[in-house]
>>> print(open('work_24.txt').read())   # compact mmCIF, C-alpha atoms
# COMPACT_ATOMS: atom_id res chain seq x y z
CA MET A 1 26.73 0.34 -21.42
CA THR A 2 24.38 -2.36 -22.79
CA GLY A 3 26.70 -5.10 -21.51
CA TYR A 4 26.78 -3.71 -17.98
CA LEU A 5 22.99 -3.28 -17.98
CA ALA A 6 22.65 -6.92 -18.98
CA LEU A 7 25.11 -7.91 -16.24
CA LEU A 8 23.14 -5.92 -13.65
CA LEU A 9 19.82 -7.51 -14.61
CA ILE A 10 21.17 -11.06 -15.00
CA LEU A 11 22.92 -10.96 -11.63
CA PHE A 12 19.77 -9.63 -9.95
CA PHE A 13 17.48 -12.30 -11.40
CA VAL A 14 19.95 -15.15 -10.74
CA LEU A 15 20.30 -14.09 -7.10
CA MET A 16 16.52 -13.84 -6.79
CA LEU A 17 16.11 -17.34 -8.25
CA ILE A 18 18.48 -18.89 -5.72
CA GLY A 19 16.42 -17.37 -2.91
CA MET A 20 18.34 -14.26 -1.86
CA PRO A 21 16.08 -11.55 -0.35
CA VAL A 22 15.26 -8.91 -2.94
CA ALA A 23 17.02 -6.04 -1.10
CA TYR A 24 20.28 -7.92 -0.91
CA ALA A 25 19.95 -9.21 -4.47
CA MET A 26 19.75 -5.59 -5.63
CA ALA A 27 22.71 -4.65 -3.42
CA VAL A 28 24.99 -7.47 -4.59
CA ALA A 29 24.08 -7.01 -8.27
CA SER A 30 24.63 -3.24 -8.05
CA VAL A 31 27.95 -3.40 -6.17
CA ALA A 32 29.30 -6.15 -8.42
CA THR A 33 28.39 -4.18 -11.57
CA ILE A 34 30.00 -0.99 -10.21
CA MET A 35 33.18 -2.91 -9.28
CA LEU A 36 33.45 -4.37 -12.78
CA ASP A 37 32.67 -1.14 -14.66
CA PRO A 38 35.87 0.93 -15.00
CA ASN A 39 33.81 4.06 -15.70
CA MET A 40 32.09 3.89 -12.33
CA GLN A 41 33.63 5.04 -9.05
CA THR A 42 33.01 2.89 -5.97
CA MET A 43 32.41 6.09 -4.00
CA VAL A 44 29.00 6.27 -5.68
CA ILE A 45 27.80 3.35 -3.52
CA PRO A 46 27.83 5.07 -0.10
CA GLN A 47 26.87 8.40 -1.71
CA LYS A 48 23.73 7.00 -3.33
CA ILE A 49 22.77 4.93 -0.29
CA PHE A 50 23.06 8.01 1.93
CA THR A 51 21.27 10.45 -0.38
CA SER A 52 18.40 8.00 -0.99
CA MET A 53 17.64 7.95 2.74
CA ASP A 54 18.50 11.59 3.42
CA SER A 55 14.90 12.74 3.00
CA PHE A 56 12.84 14.68 5.51
CA SER A 57 9.65 13.22 3.99
CA LEU A 58 10.78 9.64 4.66
CA MET A 59 11.00 10.44 8.36
CA ALA A 60 7.20 10.22 8.32
CA VAL A 61 7.35 6.43 7.78
CA PRO A 62 8.23 5.38 11.37
CA PHE A 63 5.77 7.87 12.85
CA PHE A 64 2.84 6.60 10.77
CA MET A 65 3.81 3.01 11.64
CA MET A 66 3.95 3.84 15.33
CA ALA A 67 0.66 5.76 15.27
CA GLY A 68 -1.07 2.73 13.74
CA SER A 69 0.43 0.40 16.36
CA LEU A 70 -0.60 2.71 19.20
CA MET A 71 -4.18 2.88 17.93
CA GLU A 72 -4.36 -0.90 17.56
CA ILE A 73 -3.20 -1.68 21.11
CA SER A 74 -5.81 0.79 22.34
CA GLY A 75 -8.51 -1.57 21.06
CA ILE A 76 -9.58 0.61 18.17
CA THR A 77 -9.75 -2.34 15.74
CA GLN A 78 -12.64 -3.92 17.64
CA ARG A 79 -14.45 -0.56 17.86
CA LEU A 80 -14.14 -0.07 14.10
CA ILE A 81 -15.44 -3.60 13.52
CA ASP A 82 -18.44 -2.94 15.79
CA PHE A 83 -19.22 0.29 13.96
CA ALA A 84 -18.90 -1.39 10.54
CA LYS A 85 -21.19 -4.26 11.65
CA SER A 86 -23.83 -1.80 12.86
CA LEU A 87 -23.54 0.17 9.62
CA VAL A 88 -23.66 -2.57 6.97
CA GLY A 89 -24.01 -5.83 8.91
CA HIS A 90 -27.74 -6.12 8.13
CA LEU A 91 -27.14 -6.36 4.37
CA THR A 92 -26.76 -9.63 2.48
CA GLY A 93 -23.25 -10.79 3.28
CA GLY A 94 -23.29 -8.44 6.26
CA LEU A 95 -20.20 -9.60 8.16
CA GLY A 96 -18.22 -9.72 4.93
CA HIS A 97 -19.28 -6.16 4.15
CA ALA A 98 -18.32 -5.17 7.70
CA SER A 99 -14.86 -6.69 7.15
CA ILE A 100 -14.39 -4.60 4.01
CA VAL A 101 -15.66 -1.39 5.62
CA THR A 102 -13.35 -2.05 8.58
CA GLY A 103 -10.46 -2.40 6.11
CA ILE A 104 -11.36 0.98 4.63
CA LEU A 105 -11.49 2.59 8.07
CA MET A 106 -8.27 0.84 9.22
CA ALA A 107 -6.50 2.16 6.12
CA GLY A 108 -7.14 5.65 7.44
CA VAL A 109 -5.42 4.77 10.72
CA SER A 110 -2.24 2.83 9.92
CA GLY A 111 -1.38 3.10 6.20
CA SER A 112 0.29 -0.32 6.37
CA ALA A 113 -1.23 -3.25 4.49
CA ASN A 114 0.67 -5.81 6.58
CA ALA A 115 -0.50 -4.35 9.91
CA ASP A 116 -4.11 -4.04 8.74
CA THR A 117 -4.23 -7.60 7.38
CA SER A 118 -2.73 -9.05 10.56
CA ALA A 119 -5.21 -7.20 12.78
CA LEU A 120 -8.25 -8.05 10.66
CA ALA A 121 -7.38 -11.71 10.00
CA SER A 122 -6.94 -12.62 13.65
CA ILE A 123 -10.33 -11.18 14.64
CA LEU A 124 -12.59 -11.49 11.59
CA VAL A 125 -11.70 -14.77 9.85
CA PRO A 126 -12.86 -16.97 12.79
CA ALA A 127 -16.09 -14.95 13.00
CA LEU A 128 -16.65 -15.18 9.25
CA THR A 129 -16.05 -18.94 9.27
CA LYS A 130 -18.57 -19.33 12.12
CA GLU A 131 -21.20 -17.56 9.99
CA GLY A 132 -20.68 -19.96 7.08
CA TYR A 133 -18.03 -18.23 4.96
CA GLU A 134 -15.44 -20.57 3.46
CA PRO A 135 -12.09 -20.00 5.30
CA GLY A 136 -10.15 -19.55 2.06
CA TYR A 137 -12.62 -16.91 0.91
CA SER A 138 -12.54 -15.17 4.29
CA CYS A 139 -8.73 -14.95 4.20
CA ALA A 140 -8.76 -13.66 0.60
CA MET A 141 -11.34 -10.99 1.45
CA VAL A 142 -9.56 -9.86 4.63
CA ALA A 143 -6.17 -9.72 2.86
CA SER A 144 -7.76 -7.64 0.08
CA ALA A 145 -9.35 -5.31 2.64
CA GLY A 146 -5.94 -4.95 4.29
CA ALA A 147 -4.42 -4.08 0.91
CA LEU A 148 -6.44 -0.85 0.92
CA GLY A 149 -3.86 0.55 3.37
CA PRO A 150 -1.43 1.78 0.66
CA VAL A 151 -4.26 3.37 -1.38
CA ILE A 152 -6.40 5.18 1.20
CA PRO A 153 -4.45 7.85 3.12
CA PRO A 154 -2.33 7.98 5.12
CA SER A 155 -0.25 5.59 3.00
CA ILE A 156 3.34 4.61 3.71
CA MET A 157 3.83 3.66 0.05
CA MET A 158 2.72 7.16 -0.97
CA VAL A 159 5.13 8.71 1.53
CA ILE A 160 8.01 6.70 0.04
CA TYR A 161 7.00 7.56 -3.54
CA ALA A 162 6.72 11.25 -2.69
CA GLY A 163 10.02 11.06 -0.82
CA VAL A 164 11.93 10.10 -3.97
CA THR A 165 9.98 12.35 -6.36
CA SER A 166 8.81 15.96 -6.33
CA ILE A 167 5.12 15.21 -5.69
CA SER A 168 3.49 16.63 -2.55
CA ILE A 169 2.57 13.97 0.02
CA GLY A 170 -0.67 15.78 0.86
CA THR A 171 -1.69 15.84 -2.80
CA MET A 172 -1.00 12.13 -3.15
CA PHE A 173 -3.05 11.40 -0.05
CA LEU A 174 -6.03 13.22 -1.54
CA ALA A 175 -5.64 11.39 -4.86
CA GLY A 176 -6.09 8.02 -3.16
CA PHE A 177 -9.59 8.58 -1.77
CA VAL A 178 -11.74 7.96 -4.87
CA PRO A 179 -9.94 4.86 -6.24
CA GLY A 180 -9.69 3.43 -2.71
CA LEU A 181 -13.43 3.77 -2.14
CA MET A 182 -14.15 2.38 -5.63
CA ILE A 183 -12.09 -0.71 -4.82
CA GLY A 184 -13.93 -1.10 -1.51
CA ILE A 185 -17.32 -0.89 -3.25
CA GLY A 186 -16.11 -3.44 -5.82
CA TYR A 187 -15.12 -5.81 -3.01
CA MET A 188 -18.59 -5.42 -1.50
CA ILE A 189 -20.21 -6.36 -4.80
CA VAL A 190 -18.02 -9.48 -4.97
CA ASN A 191 -18.98 -10.33 -1.40
CA PHE A 192 -22.69 -9.79 -2.07
CA LEU A 193 -22.57 -12.24 -4.99
CA TYR A 194 -20.64 -14.78 -2.92
CA ALA A 195 -23.07 -14.51 0.01
CA LYS A 196 -26.06 -14.95 -2.32
CA ARG A 197 -24.52 -18.04 -3.91
CA ALA A 198 -23.40 -19.53 -0.57
CA GLY A 199 -26.74 -18.88 1.13
CA ILE A 200 -25.28 -16.77 3.95
CA GLU A 201 -28.05 -15.66 6.29
CA ARG A 202 -28.88 -11.96 6.41
CA PRO A 203 -28.53 -10.60 9.98
CA LYS A 204 -30.99 -8.17 11.54
CA PHE A 205 -30.30 -4.44 11.70
CA ALA A 206 -28.74 -3.57 15.08
CA GLY A 207 -30.90 -0.44 15.34
CA TRP A 208 -30.21 3.27 15.06
CA LYS A 209 -29.40 3.56 18.76
CA GLN A 210 -26.67 0.90 18.57
CA LEU A 211 -25.34 2.45 15.35
CA GLY A 212 -25.08 5.79 17.13
CA ILE A 213 -23.27 4.25 20.11
CA ASP A 214 -20.80 2.41 17.88
CA PHE A 215 -20.22 5.56 15.82
CA VAL A 216 -19.41 7.59 18.94
CA ASN A 217 -17.02 4.85 20.11
CA ALA A 218 -15.28 4.87 16.71
CA ILE A 219 -14.90 8.67 16.49
CA PRO A 220 -11.36 8.71 17.96
CA ALA A 221 -10.15 6.51 15.09
CA LEU A 222 -12.16 8.36 12.45
CA VAL A 223 -10.64 11.66 13.57
CA LEU A 224 -7.03 10.51 13.08
CA PRO A 225 -6.99 10.75 9.23
CA LEU A 226 -8.56 14.20 9.48
CA ILE A 227 -5.76 15.33 11.80
CA ILE A 228 -3.09 13.99 9.44
CA ILE A 229 -4.51 15.19 6.11
CA GLY A 230 -6.07 18.37 7.47
CA GLY A 231 -2.80 19.36 9.11
CA ILE A 232 -0.83 18.84 5.90
CA LEU A 233 -3.29 20.64 3.61
CA SER A 234 -3.75 23.58 5.96
CA GLY A 235 0.00 24.09 6.02
CA VAL A 236 0.08 23.86 9.82
CA VAL A 237 2.36 20.81 9.72
CA THR A 238 4.48 18.92 7.20
CA ALA A 239 3.83 15.23 6.46
CA THR A 240 6.53 14.23 8.94
CA GLU A 241 5.18 16.54 11.61
CA SER A 242 1.68 15.18 11.02
CA GLY A 243 3.07 11.71 11.74
CA VAL A 244 4.42 12.99 15.06
CA LEU A 245 1.06 14.61 15.79
CA ALA A 246 -0.69 11.31 15.02
CA CYS A 247 1.63 9.50 17.46
CA VAL A 248 0.90 12.00 20.22
CA TYR A 249 -2.85 11.74 19.57
CA ALA A 250 -2.75 7.93 19.53
CA ALA A 251 -0.67 7.81 22.73
CA LEU A 252 -3.08 10.15 24.53
CA TYR A 253 -6.01 8.03 23.35
CA GLY A 254 -4.29 4.91 24.69
CA LEU A 255 -3.66 6.58 28.05
CA VAL A 256 -7.27 7.79 28.33
CA ARG A 257 -8.53 4.25 27.64
CA LYS A 258 -5.93 2.87 30.12
CA LYS A 259 -4.61 0.49 27.47
CA LEU A 260 -1.17 2.04 27.07
CA ASN A 261 1.64 1.13 29.47
CA PHE A 262 5.42 1.08 29.27
CA ASN A 263 5.59 -2.44 27.84
CA ASN A 264 3.03 -1.66 25.13
CA LEU A 265 4.79 1.59 24.29
CA PHE A 266 8.15 -0.16 24.05
CA GLY A 267 6.57 -2.79 21.79
CA CYS A 268 5.14 -0.09 19.49
CA ILE A 269 8.51 1.66 19.27
CA THR A 270 10.29 -1.63 18.53
CA SER A 271 7.73 -2.55 15.87
CA ALA A 272 8.08 0.88 14.21
CA ILE A 273 11.89 0.62 14.25
CA ASN A 274 11.85 -2.88 12.72
CA GLY A 275 9.38 -1.85 10.02
CA THR A 276 11.32 1.31 9.23
CA VAL A 277 14.68 -0.46 9.02
CA ASN A 278 13.28 -3.07 6.63
CA THR A 279 11.73 -0.34 4.50
CA MET A 280 14.83 1.86 4.43
CA VAL A 281 17.12 -1.04 3.50
CA ILE A 282 14.90 -1.61 0.48
CA VAL A 283 14.82 2.14 -0.28
CA ALA A 284 18.63 2.43 -0.16
CA PHE A 285 19.46 -0.57 -2.35
CA ALA A 286 16.53 -0.09 -4.75
CA CYS A 287 17.58 3.53 -5.37
CA LEU A 288 21.15 2.37 -6.04
CA PHE A 289 19.87 -0.27 -8.45
CA GLY A 290 17.52 2.22 -10.15
CA MET A 291 20.32 4.76 -10.50
CA LEU A 292 22.50 2.20 -12.31
CA ALA A 293 19.65 1.09 -14.57
CA THR A 294 19.01 4.74 -15.48
CA ASN A 295 22.74 5.40 -15.98
CA TYR A 296 22.94 2.44 -18.35
CA ASN A 297 20.09 3.90 -20.44
CA MET A 298 17.34 1.50 -19.40
CA GLY A 299 15.00 4.48 -19.82
CA LYS A 300 15.85 4.64 -23.53
CA VAL A 301 15.00 0.97 -23.87
CA VAL A 302 11.61 1.65 -22.27
CA LEU A 303 11.04 4.64 -24.59
CA SER A 304 11.87 2.55 -27.64
CA VAL A 305 9.40 -0.14 -26.52
CA ALA A 306 6.75 2.54 -25.93
CA THR A 307 6.96 3.65 -29.57
CA ILE A 308 5.00 0.56 -30.62
CA PHE A 309 1.94 2.18 -29.01
CA HIS A 310 2.17 5.16 -31.41
CA GLY A 311 1.89 7.78 -28.68
CA ASN A 312 -1.38 6.44 -27.22
CA GLY A 313 -1.09 7.53 -23.59
CA SER A 314 -3.64 5.03 -22.26
CA LEU A 315 -1.90 2.08 -23.90
CA ILE A 316 1.48 3.25 -22.60
CA LEU A 317 0.13 3.52 -19.05
CA LEU A 318 -1.46 0.08 -19.43
CA PHE A 319 1.94 -1.26 -20.55
CA VAL A 320 3.59 0.32 -17.47
CA SER A 321 0.86 -1.14 -15.26
CA ILE A 322 1.30 -4.65 -16.66
CA VAL A 323 5.08 -4.53 -16.16
CA LEU A 324 4.63 -3.31 -12.57
CA PHE A 325 1.99 -5.96 -11.87
CA ILE A 326 4.28 -8.75 -13.09
CA ALA A 327 7.19 -7.30 -11.08
CA GLY A 328 4.96 -7.06 -7.99
CA MET A 329 4.12 -10.77 -8.28
CA PHE A 330 7.75 -11.67 -7.59
CA ILE A 331 9.33 -8.64 -5.86
CA ASP A 332 8.37 -6.61 -2.79
CA SER A 333 6.13 -3.73 -3.90
CA THR A 334 8.34 -1.01 -2.41
CA ALA A 335 11.43 -2.48 -4.07
CA ALA A 336 9.66 -2.81 -7.43
CA MET A 337 8.46 0.80 -7.20
CA LEU A 338 11.89 2.26 -6.44
CA MET A 339 13.61 0.07 -9.03
CA LEU A 340 11.23 0.75 -11.90
CA ILE A 341 9.94 4.30 -11.39
CA PRO A 342 13.29 5.92 -12.38
CA ILE A 343 13.27 3.71 -15.49
CA PHE A 344 9.73 4.76 -16.44
CA ALA A 345 10.30 8.44 -15.55
CA PRO A 346 11.29 9.44 -19.15
CA LEU A 347 7.78 8.46 -20.25
CA ILE A 348 6.31 11.25 -18.10
CA THR A 349 8.32 13.90 -19.94
CA GLN A 350 8.12 12.31 -23.38
CA TYR A 351 4.34 11.84 -23.43
CA GLY A 352 3.26 14.64 -21.08
CA PHE A 353 1.66 12.52 -18.36
CA ASN A 354 0.53 14.30 -15.23
CA PRO A 355 3.01 13.10 -12.53
CA LEU A 356 0.20 12.60 -9.99
CA HIS A 357 -1.87 10.51 -12.42
CA PHE A 358 1.22 8.44 -13.31
CA ALA A 359 2.06 7.97 -9.62
CA MET A 360 -1.42 6.72 -8.72
CA VAL A 361 -1.44 4.23 -11.61
CA CYS A 362 1.87 2.87 -10.29
CA ILE A 363 0.69 2.67 -6.67
CA LEU A 364 -2.65 1.05 -7.55
CA THR A 365 -0.85 -1.58 -9.61
CA LEU A 366 1.92 -2.29 -7.12
CA ASP A 367 -0.64 -2.57 -4.33
CA MET A 368 -1.84 -5.77 -5.98
CA GLY A 369 1.61 -7.30 -5.49
CA GLY A 370 0.81 -8.12 -1.87
CA LEU A 371 -2.19 -10.17 -3.04
CA SER A 372 -0.73 -11.88 -6.10
CA PRO A 373 0.80 -15.37 -5.97
CA PRO A 374 3.49 -16.63 -5.84
CA VAL A 375 4.97 -14.00 -3.45
CA GLY A 376 1.76 -12.25 -2.19
CA LEU A 377 2.78 -11.47 1.40
CA LEU A 378 -0.74 -10.50 2.49
CA ILE A 379 -2.32 -13.81 1.52
CA TYR A 380 0.53 -15.64 3.31
CA LEU A 381 -0.09 -13.51 6.41
CA ALA A 382 -3.82 -14.18 6.46
CA ALA A 383 -3.34 -17.90 5.80
CA ASN A 384 -0.65 -18.33 8.47
CA ILE A 385 -2.53 -16.37 11.15
CA THR A 386 -5.70 -18.41 10.63
CA LYS A 387 -4.02 -21.77 9.85
CA THR A 388 -5.72 -21.92 6.45
CA LYS A 389 -4.16 -23.75 3.50
CA LEU A 390 -2.71 -21.25 1.03
CA GLU A 391 -4.25 -23.06 -1.96
CA ARG A 392 -7.71 -22.36 -0.57
CA VAL A 393 -6.90 -18.63 -0.30
CA VAL A 394 -5.40 -18.46 -3.82
CA ARG A 395 -8.57 -20.02 -5.21
CA TYR A 396 -10.58 -16.94 -4.18
CA ILE A 397 -8.03 -14.10 -4.37
CA TRP A 398 -8.26 -13.59 -8.13
CA ARG A 399 -11.79 -12.15 -7.99
CA PHE A 400 -10.52 -9.40 -5.65
CA ILE A 401 -7.44 -8.78 -7.81
CA ALA A 402 -9.84 -8.41 -10.77
CA VAL A 403 -11.61 -5.61 -8.87
CA ASN A 404 -8.29 -3.85 -8.22
CA TYR A 405 -7.22 -4.07 -11.84
CA THR A 406 -10.61 -2.91 -13.10
CA VAL A 407 -10.28 0.24 -10.98
CA THR A 408 -6.68 0.70 -12.16
CA ILE A 409 -7.81 0.55 -15.79
CA LEU A 410 -10.59 3.06 -15.06
CA VAL A 411 -8.00 5.39 -13.50
CA ILE A 412 -5.83 5.02 -16.61
CA LEU A 413 -8.76 5.89 -18.89
CA ILE A 414 -10.34 8.55 -16.63
CA PRO A 415 -7.56 10.59 -14.94
CA TRP A 416 -9.99 12.88 -13.07
CA LEU A 417 -10.81 9.95 -10.75
CA VAL A 418 -7.53 10.68 -8.99
CA MET A 419 -7.35 14.40 -9.83
CA ILE A 420 -10.78 15.63 -8.77
CA ILE A 421 -10.29 15.78 -4.98
CA PRO A 422 -6.80 17.37 -5.15
CA ARG A 423 -8.21 19.98 -7.57
CA LEU A 424 -11.23 20.68 -5.38
CA ALA A 425 -8.85 21.11 -2.44
CA GLY A 426 -6.79 23.58 -4.48
CA ALA A 427 -3.63 21.46 -4.48
CA ALA A 428 -0.79 23.08 -6.41
CA GLY A 429 0.48 21.62 -9.67
CA VAL A 430 -2.51 19.32 -10.37
>>> encode(input="work_24.txt", output="structure tokens")
Amino acid sequence: MTGYLALLLILFFVLMLIGMPVAYAMAVASVATIMLDPNMQTMVIPQKIFTSMDSFSLMAVPFFMMAGSLMEISGITQRLIDFAKSLVGHLTGGLGHASIVTGILMAGVSGSANADTSALASILVPALTKEGYEPGYSCAMVASAGALGPVIPPSIMMVIYAGVTSISIGTMFLAGFVPGLMIGIGYMIVNFLYAKRAGIERPKFAGWKQLGIDFVNAIPALVLPLIIIGGILSGVVTATESGVLACVYAALYGLVRKKLNFNNLFGCITSAINGTVNTMVIVAFACLFGMLATNYNMGKVVLSVATIFHGNGSLILLFVSIVLFIAGMFIDSTAAMLMLIPIFAPLITQYGFNPLHFAMVCILTLDMGGLSPPVGLLIYLAANITKTKLERVVRYIWRFIAVNYTVTILVILIPWLVMIIPRLAGAAGV
């Protein structure tokens, strides 16, 4: 078995090095290993691909994507920005703070880091640059704010994780609130220090009346997360059904605002289909790859490595986090999660980790993959949209990654940071 495990891993890394997309590298490495292993039946390939996608929970992915797209074409992004500017724009580094707060609010609408970063970068980076922020810093901050999408519910990454494990999606959504807000506050501290050093002027307070107007205008977007999470926790709808409900709500909002027409609707559907297909291709091939790695006893290798930490749970979780962080630097976060979680699963049983705590450590770490060079899709998105040199973005991104990792370490050391809200809500099995 060790030889075939080595073959699987070597093939995967060689294919990645020559530039093959990660999903297809996993597929080719897995199929080639199965074909060469006489103990494996080729029938396992279609069986595993089908069963990995045959999940009612995963049906929520396209609906959450479409709901986010519908809300964005309805002009909700600008309304959230206006509300955030009225709320925190008068502080030192006001527009930067507003960008971060908008990222937090946008995370509660779409759940997609890519969509949030694209929407924020196109609107906010030019405005930030005009106010004296360095373009590279602006892109790094906006990309980091967009990366809150997978942490603050509703989160597509959480839906996928829950879809391949036994954890409740609603419980995972609740677990993301505290670390997500902690990361947002950390970003605001970084921005405050930058604004002080750069001499960014402090804007005037817009006034309570304007704050009230902007809050009322933003209410339709602020209500959407409550519909999704409230529906799931109350038992009225499942996660998938809440996604459908969110789509209906977003479509009605678009019609009321006279922003939604047939062309826009068709574009939202097409965008959701494209995003879902890309995600499900990764899910299918990553689950096949993970199944082979588990079958070839990769989990035992991980357990043997974990023994050097002498049963210290915090050090083991830190080890898992470091491995996932390195993997996320080179591999799509969803692919890395589905490849490595089955391999790390024996640690949960062996050392008695709470599955929800373990899941949130994994998601918080993998979320940094979109920000981390050399692959970091989010920093590429922000740089390309705003025509900013990538080197200038990379120069500033590490201070935001440091915030993310600090919060991840705190979650490792203090599990109740992710457990407290699910417990207060009476979630089962926490």
>>> closest_residue(input="work_24.txt", among="A:Ala27, A:Val361, A:Met141, A:Ala162", to="Leu413 in chain A", atoms="all atoms listed in the file")
A:Val361
>>> residues_around(input="work_24.txt", residues="Leu288 in chain A", least_positions_apart="4", cutoff="10 Å", atoms="all atoms listed in the file", output="PyMOL selection string")
chain A and resi 26-27+30-31+44-52+282-284+292-294+338-339
>>> residues_around(input="work_24.txt", residues="range 81-90 of chain A", least_positions_apart="6", cutoff="7 Å", atoms="all atoms listed in the file", output="list of chain:residue names")
A:His97, A:Ala98, A:Val101, A:Thr102, A:Arg202, A:Pro203, A:Lys204, A:Phe205, A:Ala206, A:Gln210, A:Leu211, A:Asp214, A:Phe215, A:Ala218
>>> write_last_selection(input="work_24.txt", atoms="C-alpha atoms", output="JSON list (two decimals), in the frame of the given file")
[["chain", "number", "residue", "atom", "x", "y", "z"],
["A", 97, "HIS", "CA", -19.28, -6.16, 4.15],
["A", 98, "ALA", "CA", -18.32, -5.17, 7.70],
["A", 101, "VAL", "CA", -15.66, -1.39, 5.62],
["A", 102, "THR", "CA", -13.35, -2.05, 8.58],
["A", 202, "ARG", "CA", -28.88, -11.96, 6.41],
["A", 203, "PRO", "CA", -28.53, -10.60, 9.98],
["A", 204, "LYS", "CA", -30.99, -8.17, 11.54],
["A", 205, "PHE", "CA", -30.30, -4.44, 11.70],
["A", 206, "ALA", "CA", -28.74, -3.57, 15.08],
["A", 210, "GLN", "CA", -26.67, 0.90, 18.57],
["A", 211, "LEU", "CA", -25.34, 2.45, 15.35],
["A", 214, "ASP", "CA", -20.80, 2.41, 17.88],
["A", 215, "PHE", "CA", -20.22, 5.56, 15.82],
["A", 218, "ALA", "CA", -15.28, 4.87, 16.71]]
>>> residues_near_point(input="work_24.txt", point="(15.6, 2.5, -16.0)", cutoff="9 Å", atoms="only C-alpha atoms", output="PyMOL selection string")
chain A and resi 290-302+339-346
>>> write_last_selection(input="work_24.txt", atoms="C-alpha atoms", output="PDB file, in the coordinates of the input")
ATOM      1  CA  GLY A 290      17.520   2.220 -10.150  1.00  0.00           C
ATOM      2  CA  MET A 291      20.320   4.760 -10.500  1.00  0.00           C
ATOM      3  CA  LEU A 292      22.500   2.200 -12.310  1.00  0.00           C
ATOM      4  CA  ALA A 293      19.650   1.090 -14.570  1.00  0.00           C
ATOM      5  CA  THR A 294      19.010   4.740 -15.480  1.00  0.00           C
ATOM      6  CA  ASN A 295      22.740   5.400 -15.980  1.00  0.00           C
ATOM      7  CA  TYR A 296      22.940   2.440 -18.350  1.00  0.00           C
ATOM      8  CA  ASN A 297      20.090   3.900 -20.440  1.00  0.00           C
ATOM      9  CA  MET A 298      17.340   1.500 -19.400  1.00  0.00           C
ATOM     10  CA  GLY A 299      15.000   4.480 -19.820  1.00  0.00           C
ATOM     11  CA  LYS A 300      15.850   4.640 -23.530  1.00  0.00           C
ATOM     12  CA  VAL A 301      15.000   0.970 -23.870  1.00  0.00           C
ATOM     13  CA  VAL A 302      11.610   1.650 -22.270  1.00  0.00           C
ATOM     14  CA  MET A 339      13.610   0.070  -9.030  1.00  0.00           C
ATOM     15  CA  LEU A 340      11.230   0.750 -11.900  1.00  0.00           C
ATOM     16  CA  ILE A 341       9.940   4.300 -11.390  1.00  0.00           C
ATOM     17  CA  PRO A 342      13.290   5.920 -12.380  1.00  0.00           C
ATOM     18  CA  ILE A 343      13.270   3.710 -15.490  1.00  0.00           C
ATOM     19  CA  PHE A 344       9.730   4.760 -16.440  1.00  0.00           C
ATOM     20  CA  ALA A 345      10.300   8.440 -15.550  1.00  0.00           C
ATOM     21  CA  PRO A 346      11.290   9.440 -19.150  1.00  0.00           C
TER      22      PRO A 346
END
>>> atom_distance(input="work_24.txt", atom1="CA of Cys287 in chain A", atom2="CA of Ala60 in chain A")
18.4 Å
>>> closest_residue(input="work_24.txt", among="A:Val305, A:Val375, A:Cys247, A:Ile213", to="Ile269 in chain A", atoms="all atoms listed in the file")
A:Cys247
>>> residues_near_point(input="work_24.txt", point="(1.9, 1.9, -25.1)", cutoff="12 Å", atoms="only C-alpha atoms", output="list in words")
Val302, Leu303, Ser304, Val305, Ala306, Thr307, Ile308, Phe309, His310, Gly311, Asn312, Gly313, Ser314, Leu315, Ile316, Leu317, Leu318, Phe319, Val320, Ser321, Ile322, Val323, Leu347, Tyr351 and Ile412 of chain A
>>> residues_around(input="work_24.txt", residues="Glu72 in chain A", least_positions_apart="5", cutoff="9 Å", atoms="all atoms listed in the file", output="MDAnalysis selection string")
chainID A and resid 67 77:78 109:110 119
>>> write_last_selection(input="work_24.txt", atoms="C-alpha atoms", output="PDB file, keeping the file's coordinate frame")
ATOM      1  CA  ALA A  67       0.660   5.760  15.270  1.00  0.00           C
ATOM      2  CA  THR A  77      -9.750  -2.340  15.740  1.00  0.00           C
ATOM      3  CA  GLN A  78     -12.640  -3.920  17.640  1.00  0.00           C
ATOM      4  CA  VAL A 109      -5.420   4.770  10.720  1.00  0.00           C
ATOM      5  CA  SER A 110      -2.240   2.830   9.920  1.00  0.00           C
ATOM      6  CA  ALA A 119      -5.210  -7.200  12.780  1.00  0.00           C
TER       7      ALA A 119
END
>>> atom_distance(input="work_24.txt", atom1="CA of Glu134 in chain A", atom2="CA of Gly94 in chain A")
14.7 Å
>>> closest_residue(input="work_24.txt", among="A:Ala327, A:Leu381, A:Ile232, A:Ile348", to="Ala121 in chain A", atoms="all atoms listed in the file")
A:Leu381
>>> closest_residue(input="work_24.txt", among="A:Ile397, A:Met158, A:Val151, A:Ile100", to="Phe192 in chain A", atoms="only C-alpha atoms")
A:Ile100
>>> residues_around(input="work_24.txt", residues="range 183-189 of chain A", least_positions_apart="3", cutoff="7 Å", atoms="only C-alpha atoms", output="VMD selection string")
chain A and resid 97 100 104 179 to 180 192 to 193 400 403 to 404 407
>>> residues_around(input="work_24.txt", residues="Ile152 in chain A", least_positions_apart="6", cutoff="8 Å", atoms="only C-alpha atoms", output="compact mmCIF listing (two decimals) with C-alpha atoms, in the frame of the given file")
# COMPACT_ATOMS: atom_id res chain seq x y z
CA ILE A 104 -11.36 0.98 4.63
CA ALA A 107 -6.50 2.16 6.12
CA GLY A 108 -7.14 5.65 7.44
CA GLY A 111 -1.38 3.10 6.20
CA PHE A 173 -3.05 11.40 -0.05
CA GLY A 176 -6.09 8.02 -3.16
CA PHE A 177 -9.59 8.58 -1.77
CA GLY A 180 -9.69 3.43 -2.71
CA LEU A 181 -13.43 3.77 -2.14
>>> closest_residue(input="work_24.txt", among="A:Tyr4, A:Phe64, A:Trp208, A:Phe12", to="Ile273 in chain A", atoms="all atoms listed in the file")
A:Phe64
